[in-house]
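Everything below belongs to data05.txt, which stores compact mmCIF, C-alpha atoms.
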# COMPACT_ATOMS: atom_id res chain seq x y z
CA MET A 1 10.18 -37.00 -44.96
CA SER A 2 9.31 -40.29 -46.55
CA ASN A 3 12.87 -40.78 -47.73
CA THR A 4 14.04 -43.97 -46.02
CA GLY A 5 17.03 -44.42 -48.26
CA PHE A 6 15.65 -47.58 -49.78
CA GLU A 7 15.70 -45.83 -53.16
CA ILE A 8 19.47 -46.21 -53.15
CA LEU A 9 18.95 -49.88 -54.00
CA LEU A 10 16.83 -49.03 -57.05
CA ASN A 11 19.82 -47.43 -58.71
CA SER A 12 21.39 -49.98 -61.06
CA LYS A 13 24.80 -48.38 -60.59
CA THR A 14 24.74 -49.33 -56.92
CA TRP A 15 24.46 -53.00 -57.81
CA LEU A 16 27.05 -52.85 -60.57
CA ARG A 17 29.58 -51.33 -58.21
CA LEU A 18 28.77 -53.76 -55.40
CA ILE A 19 29.32 -56.68 -57.75
CA GLU A 20 32.61 -55.17 -58.84
CA GLY A 21 33.64 -55.05 -55.20
CA LEU A 22 32.40 -58.57 -54.64
CA TRP A 23 34.70 -59.76 -57.41
CA VAL A 24 37.71 -58.34 -55.52
CA THR A 25 36.57 -60.18 -52.39
CA LEU A 26 36.15 -63.44 -54.31
CA ARG A 27 39.46 -63.06 -56.15
CA ILE A 28 41.42 -62.64 -52.92
CA SER A 29 39.57 -65.56 -51.31
CA LEU A 30 40.18 -67.84 -54.28
CA ILE A 31 43.92 -67.16 -54.50
CA THR A 32 44.25 -67.48 -50.73
CA VAL A 33 42.43 -70.80 -50.73
CA LEU A 34 44.55 -72.21 -53.57
CA ILE A 35 47.83 -71.24 -51.90
CA SER A 36 46.79 -72.43 -48.47
CA VAL A 37 45.54 -75.80 -49.71
CA VAL A 38 48.97 -76.52 -51.22
CA LEU A 39 50.93 -75.16 -48.24
CA GLY A 40 48.48 -76.73 -45.79
CA LEU A 41 48.95 -80.19 -47.32
CA ILE A 42 52.73 -79.86 -47.01
CA LEU A 43 52.55 -78.52 -43.46
CA GLY A 44 50.03 -81.16 -42.41
CA ILE A 45 52.14 -84.03 -43.78
CA ILE A 46 55.23 -82.62 -42.04
CA ALA A 47 53.31 -82.21 -38.78
CA SER A 48 52.10 -85.82 -38.85
CA ARG A 49 55.62 -87.20 -39.38
CA LYS A 50 57.97 -88.20 -36.61
CA ASN A 51 60.59 -85.55 -37.41
CA LEU A 52 60.75 -83.43 -34.24
CA PHE A 53 62.14 -80.28 -35.90
CA GLY A 54 59.43 -80.18 -38.54
CA ARG A 55 56.74 -80.88 -35.99
CA VAL A 56 57.88 -78.10 -33.67
CA LEU A 57 58.10 -75.66 -36.57
CA CYS A 58 54.54 -76.44 -37.70
CA ARG A 59 53.30 -76.19 -34.13
CA VAL A 60 54.85 -72.75 -33.64
CA HIS A 61 53.35 -71.57 -36.92
CA LEU A 62 49.91 -72.90 -35.98
CA GLU A 63 49.96 -71.40 -32.49
CA THR A 64 51.08 -68.03 -33.89
CA VAL A 65 48.20 -67.79 -36.31
CA ARG A 66 45.78 -69.12 -33.70
CA ILE A 67 46.78 -66.56 -31.07
CA VAL A 68 47.56 -63.37 -32.98
CA PRO A 69 44.38 -61.85 -34.46
CA GLN A 70 44.28 -61.81 -38.26
CA LEU A 71 43.80 -58.06 -38.22
CA VAL A 72 47.01 -57.61 -36.24
CA LEU A 73 48.90 -59.86 -38.66
CA LEU A 74 47.49 -57.84 -41.52
CA PHE A 75 48.58 -54.51 -40.06
CA VAL A 76 51.99 -55.80 -39.04
CA ALA A 77 52.62 -57.00 -42.59
CA PHE A 78 51.12 -53.92 -44.21
CA PHE A 79 52.94 -51.31 -42.14
CA GLY A 80 55.87 -53.36 -40.89
CA LEU A 81 57.27 -54.87 -44.09
CA PRO A 82 57.90 -51.58 -45.89
CA ARG A 83 59.49 -50.09 -42.80
CA LEU A 84 61.60 -52.97 -41.53
CA TYR A 85 62.74 -54.54 -44.77
CA ASN A 86 61.97 -51.78 -47.23
CA ILE A 87 59.75 -54.11 -49.24
CA GLN A 88 57.08 -52.23 -51.17
CA ILE A 89 54.17 -54.40 -52.23
CA SER A 90 50.53 -53.72 -53.00
CA ALA A 91 47.80 -54.07 -50.40
CA GLU A 92 46.35 -57.00 -52.32
CA SER A 93 49.62 -58.97 -52.21
CA VAL A 94 49.99 -58.23 -48.50
CA ALA A 95 46.43 -59.37 -47.87
CA ILE A 96 46.89 -62.61 -49.82
CA MET A 97 50.21 -63.30 -48.10
CA VAL A 98 48.78 -62.78 -44.62
CA PHE A 99 45.60 -64.76 -45.24
CA ALA A 100 47.57 -67.59 -46.84
CA PHE A 101 49.94 -67.57 -43.85
CA TRP A 102 46.96 -67.89 -41.53
CA ALA A 103 44.81 -70.28 -43.58
CA SER A 104 47.69 -72.64 -44.40
CA GLY A 105 48.24 -73.08 -40.65
CA GLU A 106 44.59 -73.95 -40.13
CA MET A 107 44.59 -76.18 -43.20
CA GLY A 108 47.75 -77.90 -41.99
CA ASP A 109 46.06 -78.70 -38.71
CA LEU A 110 43.07 -80.18 -40.54
CA VAL A 111 45.38 -82.32 -42.69
CA ARG A 112 47.32 -83.49 -39.64
CA GLY A 113 44.08 -84.32 -37.83
CA ALA A 114 42.80 -86.29 -40.81
CA ILE A 115 46.04 -88.25 -41.22
CA ILE A 116 46.43 -89.23 -37.56
CA SER A 117 42.74 -90.17 -37.35
CA ILE A 118 43.46 -93.15 -39.62
CA PRO A 119 43.96 -96.06 -37.22
CA PRO A 120 47.49 -97.55 -37.24
CA HIS A 121 46.23 -101.03 -38.03
CA GLN A 122 45.53 -99.81 -41.56
CA THR A 123 49.24 -99.26 -42.13
CA GLN A 124 50.10 -102.49 -40.34
CA SER A 125 47.65 -104.50 -42.44
CA GLY A 126 49.14 -102.94 -45.55
CA LEU A 127 52.62 -103.96 -44.45
CA ALA A 128 51.41 -107.45 -43.67
CA LEU A 129 50.02 -107.70 -47.21
CA GLY A 130 53.47 -106.85 -48.50
CA LEU A 131 52.79 -103.32 -49.77
CA ALA A 132 55.60 -100.78 -49.90
CA ASN A 133 55.39 -97.64 -47.73
CA ARG A 134 54.66 -95.52 -50.77
CA GLN A 135 51.88 -97.83 -51.86
CA ILE A 136 50.34 -97.81 -48.39
CA PHE A 137 50.33 -94.02 -48.44
CA THR A 138 48.84 -93.62 -51.93
CA TYR A 139 46.31 -96.44 -51.89
CA ILE A 140 45.29 -96.75 -48.25
CA ILE A 141 46.02 -93.64 -46.20
CA LEU A 142 45.45 -90.94 -48.82
CA PRO A 143 41.94 -91.90 -50.01
CA GLN A 144 40.66 -92.17 -46.44
CA THR A 145 42.37 -88.92 -45.43
CA VAL A 146 40.83 -87.02 -48.33
CA ARG A 147 37.35 -88.12 -47.30
CA ARG A 148 37.84 -86.91 -43.76
CA LEU A 149 39.58 -83.77 -44.92
CA ILE A 150 37.24 -82.36 -47.55
CA PRO A 151 34.25 -81.36 -45.37
CA PRO A 152 36.26 -79.27 -42.85
CA ALA A 153 38.45 -77.91 -45.66
CA ILE A 154 35.37 -76.63 -47.48
CA ASN A 155 34.25 -75.05 -44.24
CA LEU A 156 37.60 -73.28 -44.05
CA ILE A 157 36.75 -71.60 -47.38
CA THR A 158 33.81 -69.81 -45.76
CA ARG A 159 36.14 -68.62 -43.01
CA VAL A 160 38.57 -67.27 -45.60
CA VAL A 161 35.75 -65.45 -47.41
CA LYS A 162 34.58 -63.93 -44.14
CA THR A 163 38.11 -62.92 -43.17
CA THR A 164 38.70 -61.11 -46.45
CA SER A 165 36.28 -58.44 -45.25
CA LEU A 166 39.27 -57.11 -43.27
CA VAL A 167 41.08 -55.91 -46.40
CA SER A 168 38.93 -52.79 -46.51
CA LEU A 169 40.75 -51.69 -43.36
CA ILE A 170 44.09 -51.55 -45.18
CA GLY A 171 42.61 -49.46 -47.95
CA MET A 172 41.55 -52.06 -50.49
CA VAL A 173 38.31 -51.51 -52.39
CA ASP A 174 36.40 -54.71 -51.78
CA VAL A 175 32.62 -55.10 -51.57
CA PHE A 176 32.62 -53.59 -48.12
CA LYS A 177 34.60 -50.48 -49.07
CA VAL A 178 32.44 -50.02 -52.17
CA GLY A 179 29.41 -50.03 -49.92
CA LYS A 180 30.98 -47.34 -47.76
CA GLN A 181 31.76 -45.25 -50.83
CA ILE A 182 28.19 -45.54 -52.10
CA ILE A 183 26.89 -44.47 -48.69
CA ASP A 184 29.25 -41.49 -48.51
CA PHE A 185 28.48 -40.44 -52.06
CA ASN A 186 24.72 -40.42 -51.40
CA ARG A 187 24.98 -38.98 -47.90
CA PHE A 188 22.78 -35.98 -48.70
CA GLU A 189 20.46 -37.48 -51.26
CA TYR A 190 19.69 -40.66 -49.32
CA PRO A 191 20.74 -40.16 -45.71
CA GLY A 192 19.16 -43.46 -44.69
CA GLY A 193 21.09 -45.45 -47.27
CA ALA A 194 23.59 -46.90 -44.77
CA PHE A 195 21.00 -49.27 -43.33
CA TRP A 196 20.08 -50.74 -46.71
CA ILE A 197 23.58 -50.96 -48.11
CA TYR A 198 24.94 -52.74 -45.06
CA ALA A 199 21.92 -55.03 -45.08
CA VAL A 200 22.61 -55.92 -48.72
CA ILE A 201 26.31 -56.58 -48.05
CA PHE A 202 25.33 -58.73 -45.07
CA PHE A 203 23.17 -60.88 -47.32
CA LEU A 204 25.74 -60.94 -50.13
CA TYR A 205 28.23 -62.56 -47.75
CA PHE A 206 25.51 -64.90 -46.55
CA ALA A 207 24.62 -65.82 -50.13
CA ILE A 208 28.23 -66.80 -50.79
CA CYS A 209 29.02 -68.62 -47.55
CA TYR A 210 25.73 -70.42 -46.89
CA PRO A 211 25.83 -72.79 -49.90
CA ILE A 212 29.48 -73.59 -49.16
CA SER A 213 28.88 -74.48 -45.52
CA LYS A 214 25.77 -76.43 -46.52
CA LEU A 215 27.84 -78.46 -48.97
CA SER A 216 30.42 -79.11 -46.28
CA ARG A 217 27.82 -80.44 -43.89
CA ARG A 218 26.16 -82.59 -46.54
CA LEU A 219 29.47 -84.22 -47.50
CA GLU A 220 30.30 -84.76 -43.85
CA LYS A 221 27.03 -86.59 -43.31
CA ARG A 222 27.36 -88.66 -46.45
CA TRP A 223 30.95 -89.72 -45.81
CA LYS A 224 30.49 -90.40 -42.15
CA ILE A 225 32.56 -93.40 -41.19
CA MET B 226 64.13 -49.79 -30.29
CA ASP B 227 63.04 -46.97 -28.01
CA MET B 228 62.67 -48.44 -24.54
CA ASN B 229 61.41 -45.20 -23.03
CA PHE B 230 58.63 -45.00 -25.55
CA ILE B 231 57.59 -48.56 -24.76
CA LEU B 232 57.59 -47.92 -21.02
CA ASP B 233 55.65 -44.69 -21.47
CA SER B 234 53.03 -46.34 -23.67
CA ILE B 235 52.36 -49.33 -21.46
CA PRO B 236 49.75 -47.56 -19.25
CA ILE B 237 47.74 -46.51 -22.34
CA TYR B 238 47.82 -50.04 -23.69
CA GLY B 239 46.98 -51.37 -20.25
CA LYS B 240 43.79 -49.34 -20.28
CA ALA B 241 42.98 -50.50 -23.78
CA ALA B 242 43.71 -54.11 -22.82
CA TRP B 243 41.22 -53.76 -19.99
CA LEU B 244 38.59 -52.64 -22.52
CA THR B 245 39.47 -55.56 -24.79
CA LEU B 246 39.19 -57.88 -21.81
CA TRP B 247 35.85 -56.71 -20.46
CA THR B 248 34.12 -56.42 -23.85
CA GLY B 249 35.52 -59.84 -24.69
CA ALA B 250 34.43 -61.32 -21.36
CA ALA B 251 30.96 -59.79 -21.61
CA GLY B 252 30.64 -61.09 -25.17
CA ILE B 253 31.80 -64.57 -24.17
CA ILE B 254 29.42 -64.82 -21.20
CA LEU B 255 26.45 -63.55 -23.20
CA SER B 256 27.28 -65.83 -26.14
CA PHE B 257 27.47 -68.73 -23.74
CA VAL B 258 24.00 -67.94 -22.39
CA THR B 259 22.60 -67.45 -25.91
CA GLY B 260 24.32 -70.60 -27.09
CA PHE B 261 23.01 -72.66 -24.18
CA ILE B 262 19.43 -71.55 -24.81
CA CYS B 263 19.76 -72.24 -28.55
CA ALA B 264 21.34 -75.63 -27.89
CA LEU B 265 18.50 -76.60 -25.52
CA VAL B 266 15.91 -75.54 -28.09
CA GLN B 267 17.58 -77.75 -30.67
CA TYR B 268 18.18 -80.64 -28.27
CA PHE B 269 14.54 -80.78 -27.23
CA LYS B 270 13.38 -80.06 -30.79
CA ILE B 271 10.95 -77.38 -29.65
CA PRO B 272 8.67 -76.61 -32.62
CA TYR B 273 8.94 -73.19 -34.34
CA ALA B 274 11.63 -71.97 -31.93
CA ARG B 275 13.87 -74.60 -33.49
CA ARG B 276 13.41 -73.05 -36.94
CA VAL B 277 14.23 -69.59 -35.64
CA VAL B 278 17.36 -70.87 -33.89
CA GLY B 279 18.42 -72.70 -37.06
CA MET B 280 18.06 -69.53 -39.10
CA TYR B 281 19.94 -67.48 -36.54
CA ILE B 282 22.84 -69.96 -36.49
CA GLU B 283 23.13 -69.96 -40.28
CA LEU B 284 23.00 -66.16 -40.48
CA SER B 285 25.53 -65.67 -37.75
CA ARG B 286 28.01 -68.29 -38.96
CA ASN B 287 27.97 -67.23 -42.59
CA THR B 288 28.56 -63.49 -42.27
CA PRO B 289 31.69 -61.64 -41.13
CA LEU B 290 31.74 -59.89 -37.77
CA LEU B 291 32.92 -56.67 -39.42
CA ILE B 292 29.67 -56.40 -41.41
CA GLN B 293 27.60 -57.28 -38.34
CA LEU B 294 29.30 -54.50 -36.39
CA TYR B 295 28.93 -51.94 -39.16
CA PHE B 296 25.30 -52.81 -39.55
CA LEU B 297 24.72 -52.28 -35.83
CA TYR B 298 26.84 -49.15 -35.54
CA PHE B 299 26.17 -47.31 -38.82
CA GLY B 300 23.02 -48.99 -40.20
CA LEU B 301 20.67 -49.14 -37.22
CA PRO B 302 20.91 -45.41 -36.31
CA LYS B 303 19.14 -44.73 -39.63
CA LEU B 304 16.13 -46.51 -38.14
CA GLY B 305 16.43 -44.47 -34.98
CA VAL B 306 18.29 -47.06 -32.89
CA MET B 307 21.41 -45.39 -31.52
CA LEU B 308 23.84 -47.56 -29.59
CA SER B 309 27.25 -46.71 -28.19
CA GLY B 310 30.33 -48.33 -29.71
CA GLU B 311 30.86 -50.59 -26.73
CA THR B 312 27.24 -51.77 -26.73
CA CYS B 313 27.42 -52.53 -30.45
CA ALA B 314 30.66 -54.39 -29.86
CA VAL B 315 29.21 -56.61 -27.15
CA ILE B 316 25.97 -57.22 -29.09
CA GLY B 317 27.91 -58.01 -32.26
CA LEU B 318 30.23 -60.40 -30.46
CA THR B 319 27.27 -62.09 -28.81
CA PHE B 320 25.48 -62.45 -32.15
CA LEU B 321 28.56 -64.08 -33.63
CA GLY B 322 29.59 -66.13 -30.61
CA GLY B 323 26.11 -67.39 -29.76
CA SER B 324 26.00 -69.70 -32.76
CA TYR B 325 29.50 -71.08 -32.19
CA MET B 326 28.72 -71.76 -28.53
CA ALA B 327 25.36 -73.30 -29.52
CA GLU B 328 27.05 -75.78 -31.86
CA ALA B 329 29.63 -76.71 -29.23
CA ILE B 330 27.04 -77.22 -26.48
CA ARG B 331 24.65 -79.08 -28.76
CA SER B 332 27.29 -81.61 -29.75
CA GLY B 333 28.09 -81.92 -26.04
CA LEU B 334 24.44 -82.61 -25.23
CA GLU B 335 24.14 -85.12 -28.05
CA SER B 336 27.24 -86.98 -26.89
CA VAL B 337 25.40 -88.00 -23.72
CA GLU B 338 23.65 -91.30 -24.47
CA ALA B 339 19.85 -91.31 -24.63
CA ILE B 340 19.78 -94.10 -22.04
CA GLN B 341 20.90 -91.63 -19.39
CA PHE B 342 17.88 -89.48 -20.06
CA GLN B 343 15.54 -92.46 -19.97
CA SER B 344 17.08 -93.79 -16.77
CA GLY B 345 16.62 -90.42 -15.13
CA LEU B 346 12.98 -90.29 -16.14
CA SER B 347 12.34 -93.81 -14.94
CA LEU B 348 13.82 -92.91 -11.56
CA GLY B 349 11.04 -90.35 -11.28
CA LEU B 350 13.05 -87.21 -12.03
CA SER B 351 11.32 -84.51 -14.03
CA LYS B 352 12.56 -83.52 -17.48
CA SER B 353 14.15 -80.35 -16.14
CA GLN B 354 15.82 -82.22 -13.27
CA VAL B 355 17.31 -84.75 -15.67
CA THR B 356 18.62 -81.90 -17.82
CA ARG B 357 20.04 -80.01 -14.86
CA TYR B 358 21.62 -82.77 -12.84
CA ILE B 359 22.41 -85.54 -15.31
CA ILE B 360 22.73 -84.30 -18.87
CA SER B 361 24.16 -80.79 -18.52
CA PRO B 362 27.17 -81.58 -16.30
CA GLN B 363 28.32 -84.33 -18.66
CA ALA B 364 27.59 -82.24 -21.75
CA PHE B 365 29.62 -79.28 -20.48
CA LEU B 366 32.55 -81.50 -19.62
CA THR B 367 32.59 -82.89 -23.15
CA ALA B 368 32.07 -79.47 -24.69
CA MET B 369 34.71 -77.74 -22.56
CA PRO B 370 37.61 -77.87 -25.09
CA ALA B 371 35.36 -76.50 -27.85
CA LEU B 372 33.96 -73.82 -25.54
CA LEU B 373 37.45 -72.64 -24.58
CA ALA B 374 38.55 -72.64 -28.21
CA ASN B 375 35.53 -70.46 -28.96
CA ALA B 376 36.52 -68.10 -26.15
CA VAL B 377 40.00 -67.66 -27.68
CA PHE B 378 38.43 -67.10 -31.08
CA LEU B 379 36.03 -64.47 -29.72
CA ILE B 380 38.75 -62.51 -27.91
CA LYS B 381 40.75 -62.48 -31.13
CA GLU B 382 37.74 -61.11 -32.95
CA THR B 383 37.56 -58.16 -30.55
CA SER B 384 40.41 -56.61 -32.56
CA LEU B 385 37.73 -55.62 -35.09
CA PHE B 386 36.09 -53.34 -32.55
CA SER B 387 38.64 -50.67 -33.46
CA ALA B 388 36.75 -50.27 -36.74
CA ILE B 389 33.70 -48.91 -34.91
CA ALA B 390 35.74 -46.50 -32.79
CA VAL B 391 35.95 -48.61 -29.63
CA LYS B 392 39.27 -47.75 -28.05
CA ASP B 393 40.66 -51.26 -27.71
CA LEU B 394 44.28 -52.43 -28.18
CA MET B 395 44.10 -52.31 -31.95
CA PHE B 396 42.61 -48.82 -31.90
CA VAL B 397 45.38 -47.42 -29.71
CA ALA B 398 48.01 -49.07 -31.88
CA LEU B 399 46.53 -47.62 -35.07
CA TYR B 400 46.27 -44.21 -33.47
CA GLN B 401 49.90 -44.30 -32.41
CA LEU B 402 51.01 -45.59 -35.82
CA GLY B 403 49.56 -42.46 -37.35
CA ASN B 404 50.99 -40.08 -34.78
CA VAL B 405 54.38 -41.36 -33.65
CA TYR B 406 56.27 -43.29 -36.27
CA LYS B 407 57.54 -46.04 -34.03
CA THR B 408 56.23 -48.99 -35.97
CA GLU B 409 58.43 -51.72 -34.44
CA GLU B 410 57.78 -50.65 -30.85
CA ILE B 411 54.04 -50.32 -31.38
CA PHE B 412 53.68 -53.77 -32.93
CA LEU B 413 55.85 -55.27 -30.22
CA ILE B 414 53.60 -53.87 -27.48
CA LEU B 415 50.44 -54.78 -29.39
CA ILE B 416 51.40 -58.42 -29.95
CA GLY B 417 52.81 -58.58 -26.40
CA PHE B 418 49.47 -57.56 -24.92
CA TYR B 419 47.49 -59.98 -27.08
CA LEU B 420 49.85 -62.76 -26.01
CA LEU B 421 49.40 -61.73 -22.39
CA ILE B 422 45.64 -62.11 -22.71
CA LEU B 423 45.44 -65.13 -24.98
CA LEU B 424 48.40 -67.30 -24.05
CA PRO B 425 47.06 -68.32 -20.60
CA LEU B 426 43.68 -69.07 -22.17
CA THR B 427 45.18 -71.24 -24.94
CA ILE B 428 47.30 -73.11 -22.40
CA ILE B 429 44.23 -73.82 -20.26
CA ALA B 430 42.36 -74.90 -23.40
CA GLY B 431 45.19 -77.28 -24.27
CA ILE B 432 45.20 -78.79 -20.78
CA ALA B 433 41.41 -79.17 -20.87
CA GLU B 434 41.60 -80.95 -24.20
CA ARG B 435 44.22 -83.42 -22.97
CA ARG B 436 42.25 -84.05 -19.76
CA MET B 437 39.13 -84.71 -21.80
CA GLN B 438 40.90 -87.22 -23.99
CA ARG B 439 42.14 -88.99 -20.90
CA VAL B 440 38.60 -89.09 -19.48
CA LYS B 441 37.22 -90.38 -22.77
CA TYR B 442 39.78 -93.04 -23.58
CA GLY B 443 40.99 -93.76 -20.05
CA VAL B 444 44.67 -93.44 -21.02
Write-out of the structure in structure tokens:
Amino acid sequence: MSNTGFEILLNSKTWLRLIEGLWVTLRISLITVLISVVLGLILGIIASRKNLFGRVLCRVHLETVRIVPQLVLLFVAFFGLPRLYNIQISAESVAIMVFAFWASGEMGDLVRGAIISIPPHQTQSGLALGLANRQIFTYIILPQTVRRLIPPAINLITRVVKTTSLVSLIGMVDVFKVGKQIIDFNRFEYPGGAFWIYAVIFFLYFAICYPISKLSRRLEKRWKI
Amino acid sequence: MDMNFILDSIPIYGKAAWLTLWTGAAGIILSFVTGFICALVQYFKIPYARRVVGMYIELSRNTPLLIQLYFLYFGLPKLGVMLSGETCAVIGLTFLGGSYMAEAIRSGLESVEAIQFQSGLSLGLSKSQVTRYIISPQAFLTAMPALLANAVFLIKETSLFSAIAVKDLMFVALYQLGNVYKTEEIFLILIGFYLLILLPLTIIAGIAERRMQRVKYGV
């Protein structure tokens, strides 16, 4: 039989559905990134301050998300919340919550790293020039922090996009699940379709993440201090 | 909280934890070897091979492990390549981890000053001797924190193996969730076992990082 399953890709419906699924993936990633940038900035600023309580809290949060696999967090939230607290929320909200919980920890660590990498003499020179603390933060620390922060933060976006592939495991219909459905639907007509569909999804993710990580590296090189 | 259920389940999870551990360890060791080779190719700027390594690193870093595993486990059999779940898991983890290890080792190699290499050559050592006895030991020391962080990351990623029917910790937990409705107990054991595996590793990684800083800045 000459049927390799490649024909599955010639069907325009296949592509339409994959793009629909891709939109779900991108939507979740985008919302997650927006939330975690805001939370991450707050967490990072708290973690770089001298307040012991805040620092410990941020540290515990960071270590939790670093040690517990994202998939475990996802399942705990998805199955645990309804059972323990009787909270009923959609899979998409659970996914966004869990990913934001994880990514804000990572983002917070990046922010903290960027802030403490500014040498202390910058603050001291500011004080010597007679600037107020607020002025030192807005005009001296912040601009330098942002430059050091943006390249790794952009890289974090690719990690978020890659992590969203997990949502198919809690029943959401993202690009990955759509691919599975297409394969199952054409099981008898194109038995070899799995190879091509998974290959296409592989390259779809690559097509999204590659430009982002390229941008991150380019900015890092340009802003090297 | 059903203590009896927890005690009864521990042997099953113990077995699954062993699977998580050995697939993770195999993946880490193989990624380290792959990464070292790739890093050397890039460090010595070997023509052609360098391009291939560059492409591999981009592909591996910019795609999710879940897709890589599915491609290996469900896609390749259509071309006649049948691999067991565990083999796919280890290959997938190596494919992913190789690029992360390569980046860590490469930055380690590049952190050793060029003068060291030149001094070695002028002392009459061969290129491979300089690499083996002078550059590599220093590079690995510098790269150690990053390598350990990668190891933690890779063991975490093994939780995805459950998706291709490898009976790891996650798989057992999901199976039990569907059969006995003891959600709290199951999650408690699951997280407990992951902590048991990963906590020592993260602590060692933390110590290594502090040691390295002390070596670097002499504080």
Please report as a VMD selection string which residues of chain B come no farther than 9 Å from chain A, using all atoms listed in the file.
-> chain B and resid 283 to 293 295 to 297 299 to 304 377 to 378 380 to 385 388 395 399 402 408 to 409 412 415 to 416 419 to 420 423 to 424 427
Shortest interatomic distance to A:Lys224 - which of A:Pro151, A:Gly113, A:Gly105, A:Pro82, counting all atoms listed in the file =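 Going through A:Pro151, A:Gly113, A:Gly105, A:Pro82 one by one, the smallest distance to A:Lys224 is for A:Pro151.
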Expected answer as a PyMOL selection string: all residues with atoms within 12 Å of (38.3, -52.1, -49.9), all atoms listed in the file | chain A and resi 18+20-25+28+91-92+95+164-181
Centre and edges of the stretch 23-38 of chain A box, axis-aligned, 3 Å extra per side, as lines of an AutoDock Vina configuration file:
center_x = 41.8
center_y = -67.4
center_z = -52.9
size_x = 20.3
size_y = 24.2
size_z = 14.9
Closest of B:Glu328, B:Glu311, B:Glu338, B:Glu410 to B:Thr245 - atom-to-atom distances counting all atoms listed in the file =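 Ranking B:Glu328, B:Glu311, B:Glu338, B:Glu410 by distance to B:Thr245, first place goes to B:Glu311.
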To one decimal place, how far is atom CA of B:Leu232 from atom CA of B:Ile414 in Å?
-> 9.6 Å
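The neighbours of A:Leu149 here are the residues that come within 8 Å of it, using only C-alpha atoms and leaving out any residue fewer than 6 positions away in the same chain; they are Leu110, Val111 and Ala114 of chain A.
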Rounded to one decimal in Å, what is the spacing between atom CA of A:Phe185 and atom CA of A:Glu7?
-> 13.9 Å
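Going from atom CA of A:Ser117 to atom CA of A:Trp223 covers 14.5 Å.
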Fewer than 3 positions away in the same chain doesn't count, so skip those; otherwise give me all residues within 12 Å of stretch 435-440 of chain B, counting all atoms listed in the file, as a PyMOL selection string.
-> chain B and resi 363-371+428-432+443-444
Please produce a file of those selected residues containing C-alpha atoms, as an mmCIF file, in the frame of the given file.
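File written: result08.cif
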data_model
loop_
_atom_site.group_PDB
_atom_site.id
_atom_site.type_symbol
_atom_site.label_atom_id
_atom_site.label_comp_id
_atom_site.auth_asym_id
_atom_site.auth_seq_id
_atom_site.Cartn_x
_atom_site.Cartn_y
_atom_site.Cartn_z
ATOM 1 C CA GLN B 363 28.320 -84.330 -18.660
ATOM 2 C CA ALA B 364 27.590 -82.240 -21.750
ATOM 3 C CA PHE B 365 29.620 -79.280 -20.480
ATOM 4 C CA LEU B 366 32.550 -81.500 -19.620
ATOM 5 C CA THR B 367 32.590 -82.890 -23.150
ATOM 6 C CA ALA B 368 32.070 -79.470 -24.690
ATOM 7 C CA MET B 369 34.710 -77.740 -22.560
ATOM 8 C CA PRO B 370 37.610 -77.870 -25.090
ATOM 9 C CA ALA B 371 35.360 -76.500 -27.850
ATOM 10 C CA ILE B 428 47.300 -73.110 -22.400
ATOM 11 C CA ILE B 429 44.230 -73.820 -20.260
ATOM 12 C CA ALA B 430 42.360 -74.900 -23.400
ATOM 13 C CA GLY B 431 45.190 -77.280 -24.270
ATOM 14 C CA ILE B 432 45.200 -78.790 -20.780
ATOM 15 C CA GLY B 443 40.990 -93.760 -20.050
ATOM 16 C CA VAL B 444 44.670 -93.440 -21.020
#
Nearest to B:Tyr238, chosen from B:Leu413, B:Ala264, B:Leu294, B:Ala398, with only C-alpha atoms counted in the distances =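 Checking each candidate against B:Tyr238, we get B:Ala398 as the closest.
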Counting only C-alpha atoms, what is within 10 Å of B:Val258, bar same-chain residues fewer than 5 positions away, as a ChimeraX atom specification?
-> /B:252-253,263-264,319,323,326-327
Atoms kept (C-alpha atoms) for selection, written as a PDB file, keeping the file's coordinate frame:
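Output below, filename again_18.pdb:
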ATOM      1  CA  GLY B 252      30.640 -61.090 -25.170  1.00  0.00           C
ATOM      2  CA  ILE B 253      31.800 -64.570 -24.170  1.00  0.00           C
ATOM      3  CA  CYS B 263      19.760 -72.240 -28.550  1.00  0.00           C
ATOM      4  CA  ALA B 264      21.340 -75.630 -27.890  1.00  0.00           C
ATOM      5  CA  THR B 319      27.270 -62.090 -28.810  1.00  0.00           C
ATOM      6  CA  GLY B 323      26.110 -67.390 -29.760  1.00  0.00           C
ATOM      7  CA  MET B 326      28.720 -71.760 -28.530  1.00  0.00           C
ATOM      8  CA  ALA B 327      25.360 -73.300 -29.520  1.00  0.00           C
TER       9      ALA B 327
END
For A:Ala103, list every protein, DNA or RNA residue within 8 Å, evaluated using only C-alpha atoms, and leave out those in the same chain fewer than 3 positions away; present the list as a PyMOL selection string.
-> chain A and resi 32-33+36+40+99-100+106-107+156+160
